[in-house]
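Scroll down for the structure; my scribbles are underneath it.
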Amino acid sequence: MTEAKLTPYDIPRNLDQDAWYLYQITAISHYELCARLCEEFAEIFNTYLTGHGLHGAARLDYWVSRYLTHAENIRRGIGFIKNGGDYIPMVDILNAPATDYRGLVEQPLGWMSDEQRKQWDHVFGRLSYACGIGSTALRNNLTKGIHWLNRRSIGKDQVYLDRDDSNAGDAATAIQSAEKYGVMSAPASFPTHRVDVGQWVTPGERCPRTGVWVPKQWLDGATDFSLAFGVEGRPMQPAYRIKGLEPNNPFIGYDEEMTAEYEAIATGSPVTEAVDTTWYFVWDPMHKTDPVDNLRLRREAGR
């Protein structure tokens, strides 16, 4: 019996592609799409209930109302961002509609026709994917910077610090999936994203500007580091180095031959470790305002 081994991470990286993706899924337009998709799901579910005369049965009406509430909450979160630059509530706001599937399928759903169920699954899958990637992009802002500051005494929580909870690795597959779900359309060529070495921050310091950041290691030629979306005022996360890919082999412990065959073809999930770095800001080329006009620089005392 063999254990799954990490395979090397040797995928070519494209800063313009990955930065474009992060700016797309943290844009107000993406959050507005998530709200509309929640409303679309509630509408189609309600229409099916009406057609089958099932209003009042089980808790089906509750789930229609719940997804309308999700849409309202997303728009409330948009207001937090527009009025105060506060992205953090969006992590849980977007996570809720993406993870409600278990509660939904505990309801009686066998009354739908095959075509209705197919459409129901499609609409829910689209909203779940859109909300899920939006939440994931922000997740490292919750605790990673604080964990980095406490890394010398973090003990067993080191596993949480070393795990990249955001977008680890190349974004090409994520973009393809988003296009498949109809969440975004990639351009024929990705616009150039300028790196501003004049705006920098180190892990644990408060992020001076909301947006995409690139670690120094990437600029020095490393291909196994990820970009980050930082939120102004939050302790900046460490950089994440991809140690390798773990196949998550389903045959381990059951069939040694199948284990070896699976690992030979599986791409796997990135296994990461938190490391020190200097982060540099990456400008969004689609931003209509000249960067100098809205620049709000923050530096720690004595710098």
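Residue numbers start at 1 in each chain; chains themselves are named A, B, ... in the order of the structure tokens; ligands are numbered from 1 in the order shown.
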
Contact check, segment 123-180 of chain A to segment 270-273 of chain A, at most 9 Å, counting only C-alpha atoms, closest pairs as JSON lines:
```
{"residue": "A:Val159", "atom": "CA", "partner": "A:Glu273", "partner_atom": "CA", "distance": 8.7}
{"residue": "A:Leu161", "atom": "CA", "partner": "A:Glu273", "partner_atom": "CA", "distance": 7.7}
{"residue": "A:Asp162", "atom": "CA", "partner": "A:Glu273", "partner_atom": "CA", "distance": 4.2}
{"residue": "A:Arg163", "atom": "CA", "partner": "A:Thr272", "partner_atom": "CA", "distance": 5.7}
{"residue": "A:Asp164", "atom": "CA", "partner": "A:Thr272", "partner_atom": "CA", "distance": 6.2}
{"residue": "A:Ala168", "atom": "CA", "partner": "A:Pro270", "partner_atom": "CA", "distance": 6.6}
{"residue": "A:Gly169", "atom": "CA", "partner": "A:Pro270", "partner_atom": "CA", "distance": 7.1}
```

Writing out the chosen residues with C-alpha atoms as a short mmCIF file (atom, residue, chain, number, x, y, z; two decimals), in the first residue's frame:
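Just written: result28.cif:
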```
data_model
loop_
_atom_site.label_atom_id
_atom_site.label_comp_id
_atom_site.auth_asym_id
_atom_site.auth_seq_id
_atom_site.Cartn_x
_atom_site.Cartn_y
_atom_site.Cartn_z
CA VAL A 159 -1.85 23.94 9.57
CA LEU A 161 -1.75 29.30 8.48
CA ASP A 162 -0.04 27.13 5.86
CA ARG A 163 -3.30 26.37 4.03
CA ASP A 164 -4.13 28.88 1.31
CA ALA A 168 -3.96 28.90 -5.03
CA GLY A 169 -2.09 28.46 -8.28
#
```

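Those residues that approach Arg126 of chain A to within 10 Å, counting only C-alpha atoms, are Cys34, Leu37, Cys38, Phe41, Ala98, Asp121, His122, Val123, Tyr129, Ala130, Cys131, Gly132, Ala178, Lys180, Tyr181, Gly182 and Val183 of chain A; same-chain residues fewer than 3 positions away are not listed.
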
The selected residues should be written to file as a compact mmCIF listing (two decimals), in the first residue's frame (atoms: C-alpha atoms).
```txt
# COMPACT_ATOMS: atom_id res chain seq x y z
CA CYS A 34 -24.60 36.87 -7.61
CA LEU A 37 -28.73 34.70 -9.77
CA CYS A 38 -30.20 34.21 -6.29
CA PHE A 41 -33.32 30.75 -8.61
CA ALA A 98 -23.29 28.67 -2.11
CA ASP A 121 -29.95 22.17 -10.87
CA HIS A 122 -28.49 24.35 -13.63
CA VAL A 123 -29.69 27.62 -12.12
CA TYR A 129 -20.36 28.71 -8.36
CA ALA A 130 -20.54 32.49 -8.73
CA CYS A 131 -21.05 33.06 -5.01
CA GLY A 132 -18.47 30.45 -4.07
CA ALA A 178 -16.49 30.21 -14.78
CA LYS A 180 -18.73 27.02 -18.49
CA TYR A 181 -21.17 28.26 -15.84
CA GLY A 182 -21.73 31.51 -17.76
CA VAL A 183 -20.28 33.61 -14.95
```

**Item:** All helix (DSSP H, G or I) residues (DSSP, backbone) inside segment 3-112 of chain A, as number ranges by chain
**Value:** A: 15-25, 28-51, 60-84, 89-98, 101-105

**Message:** Could you list, as a ChimeraX atom specification, every residue within 9 Å of segment 103-110 of chain A, counting only C-alpha atoms and ignoring same-chain residues fewer than 4 positions away?
**Reply:** /A:58-60,63,99,117

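From atom CA of Gly230 of chain A back to atom CA of Ser153 of chain A, the distance works out to 24.3 Å.
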
**Prompt:** Residues at most 7 Å from Val64 of chain A, counting only C-alpha atoms, excluding those fewer than 2 positions away in the same chain, as a list in words?
**Reply:** Ala42, Phe45, Asn46, Leu60, Asp61, Tyr62, Arg66, Tyr67 and Leu68 of chain A

What does the file look like for those residues with N, CA and C atoms, as a tab-separated table (two decimals), in the first residue's frame?
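Result went into out-v7.tsv, see below:
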```
chain	number	residue	atom	x	y	z
A	42	ALA	N	-34.81	31.83	-7.00
A	42	ALA	CA	-36.04	31.93	-6.21
A	42	ALA	C	-37.25	32.01	-7.13
A	45	PHE	N	-37.96	28.53	-8.78
A	45	PHE	CA	-38.45	27.60	-7.76
A	45	PHE	C	-39.90	27.94	-7.41
A	46	ASN	N	-40.18	29.23	-7.25
A	46	ASN	CA	-41.54	29.65	-6.91
A	46	ASN	C	-42.52	29.32	-8.04
A	60	LEU	N	-40.86	24.32	1.53
A	60	LEU	CA	-40.47	24.74	0.20
A	60	LEU	C	-40.54	26.25	0.03
A	61	ASP	N	-41.61	26.86	0.55
A	61	ASP	CA	-41.73	28.32	0.44
A	61	ASP	C	-40.62	29.03	1.20
A	62	TYR	N	-40.18	28.43	2.30
A	62	TYR	CA	-39.09	29.03	3.08
A	62	TYR	C	-37.84	29.19	2.23
A	66	ARG	N	-35.72	32.37	1.37
A	66	ARG	CA	-34.32	32.43	1.81
A	66	ARG	C	-33.42	32.95	0.70
A	67	TYR	N	-33.67	32.53	-0.54
A	67	TYR	CA	-32.80	33.00	-1.62
A	67	TYR	C	-33.09	34.44	-2.02
A	68	LEU	N	-34.31	34.89	-1.80
A	68	LEU	CA	-34.58	36.32	-1.97
A	68	LEU	C	-33.85	37.12	-0.90
```

Could you write out, as an mmCIF file with N, CA and C atoms, in the first residue's frame, all the residues of segment 61-260 of chain A that DSSP marks as strand (DSSP E)?
```
data_model
loop_
_atom_site.group_PDB
_atom_site.id
_atom_site.type_symbol
_atom_site.label_atom_id
_atom_site.label_comp_id
_atom_site.auth_asym_id
_atom_site.auth_seq_id
_atom_site.Cartn_x
_atom_site.Cartn_y
_atom_site.Cartn_z
ATOM 1 N N VAL A 195 2.624 46.493 -12.268
ATOM 2 C CA VAL A 195 3.039 46.307 -10.877
ATOM 3 C C VAL A 195 3.665 47.593 -10.376
ATOM 4 N N ASP A 196 3.174 48.090 -9.255
ATOM 5 C CA ASP A 196 3.650 49.341 -8.674
ATOM 6 C C ASP A 196 4.556 49.021 -7.494
ATOM 7 N N VAL A 197 5.867 49.035 -7.716
ATOM 8 C CA VAL A 197 6.809 48.710 -6.638
ATOM 9 C C VAL A 197 6.894 49.824 -5.608
ATOM 10 N N GLY A 198 6.252 50.956 -5.893
ATOM 11 C CA GLY A 198 6.226 52.042 -4.927
ATOM 12 C C GLY A 198 5.186 51.834 -3.836
ATOM 13 N N GLN A 199 4.264 50.899 -4.066
ATOM 14 C CA GLN A 199 3.270 50.557 -3.050
ATOM 15 C C GLN A 199 3.531 49.129 -2.601
ATOM 16 N N TRP A 200 4.005 48.990 -1.384
ATOM 17 C CA TRP A 200 4.373 47.666 -0.903
ATOM 18 C C TRP A 200 3.984 47.515 0.559
ATOM 19 N N VAL A 201 3.892 46.258 0.978
ATOM 20 C CA VAL A 201 3.505 45.939 2.347
ATOM 21 C C VAL A 201 4.056 44.558 2.674
ATOM 22 N N GLY A 211 -7.034 45.655 -3.312
ATOM 23 C CA GLY A 211 -6.769 45.236 -4.674
ATOM 24 C C GLY A 211 -5.869 44.029 -4.712
ATOM 25 N N VAL A 212 -5.348 43.732 -5.887
ATOM 26 C CA VAL A 212 -4.503 42.565 -6.103
ATOM 27 C C VAL A 212 -3.053 42.914 -5.781
ATOM 28 N N TRP A 213 -2.377 41.956 -5.138
ATOM 29 C CA TRP A 213 -0.975 42.124 -4.754
ATOM 30 C C TRP A 213 -0.184 40.924 -5.235
ATOM 31 N N VAL A 214 1.088 41.184 -5.607
ATOM 32 C CA VAL A 214 1.967 40.123 -6.084
ATOM 33 C C VAL A 214 3.168 40.019 -5.145
ATOM 34 N N PRO A 215 3.574 38.797 -4.768
ATOM 35 C CA PRO A 215 4.731 38.652 -3.885
ATOM 36 C C PRO A 215 6.043 38.842 -4.646
ATOM 37 N N ALA A 228 -2.638 37.646 -4.418
ATOM 38 C CA ALA A 228 -3.586 37.789 -3.306
ATOM 39 C C ALA A 228 -4.452 39.015 -3.537
ATOM 40 N N PHE A 229 -5.685 38.952 -3.047
ATOM 41 C CA PHE A 229 -6.551 40.126 -3.022
ATOM 42 C C PHE A 229 -6.571 40.619 -1.580
ATOM 43 N N GLY A 230 -5.969 41.781 -1.353
ATOM 44 C CA GLY A 230 -5.894 42.355 -0.016
ATOM 45 C C GLY A 230 -6.941 43.430 0.186
ATOM 46 N N ALA A 239 2.757 35.262 1.951
ATOM 47 C CA ALA A 239 2.733 34.685 0.611
ATOM 48 C C ALA A 239 2.545 33.179 0.738
ATOM 49 N N TYR A 240 1.977 32.571 -0.296
ATOM 50 C CA TYR A 240 1.777 31.129 -0.285
ATOM 51 C C TYR A 240 2.579 30.471 -1.399
ATOM 52 N N ARG A 241 3.519 29.639 -0.979
ATOM 53 C CA ARG A 241 4.291 28.840 -1.928
ATOM 54 C C ARG A 241 3.607 27.497 -2.108
ATOM 55 N N ILE A 242 3.477 27.063 -3.352
ATOM 56 C CA ILE A 242 2.857 25.777 -3.641
ATOM 57 C C ILE A 242 3.946 24.709 -3.582
ATOM 58 N N LYS A 243 3.877 23.858 -2.558
ATOM 59 C CA LYS A 243 4.880 22.818 -2.362
ATOM 60 C C LYS A 243 4.736 21.696 -3.388
ATOM 61 N N GLY A 244 3.542 21.480 -3.858
ATOM 62 C CA GLY A 244 3.274 20.429 -4.823
ATOM 63 C C GLY A 244 1.789 20.159 -4.906
ATOM 64 N N LEU A 245 1.413 19.170 -5.703
ATOM 65 C CA LEU A 245 0.012 18.834 -5.902
ATOM 66 C C LEU A 245 -0.304 17.497 -5.251
ATOM 67 N N GLU A 246 -1.375 17.469 -4.465
ATOM 68 C CA GLU A 246 -1.824 16.238 -3.818
ATOM 69 C C GLU A 246 -3.000 15.663 -4.602
#
```

**Request:** Tell me, in Å to one decimal, how far atom CA of Gly125 of chain A is from atom CA of Gly51 of chain A.
**Result:** 22.3 Å

**Message:** Report as a ChimeraX atom specification all protein, DNA and RNA residues lying within 8 Å of segment 83-91 of chain A, evaluated on only C-alpha atoms, omitting residues in the same chain fewer than 6 positions from it.
**Reply:** /A:74,77,134-136,138-139,141-142,231-232

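The residue that comes closest to Pro12 of chain A, out of A:Glu72, A:Glu115, A:Asp224, A:Asp100 and on the basis of only C-alpha atoms, is A:Asp224.
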
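From atom CA of Ser113 of chain A back to atom CA of Ser128 of chain A, the distance works out to 21.9 Å.
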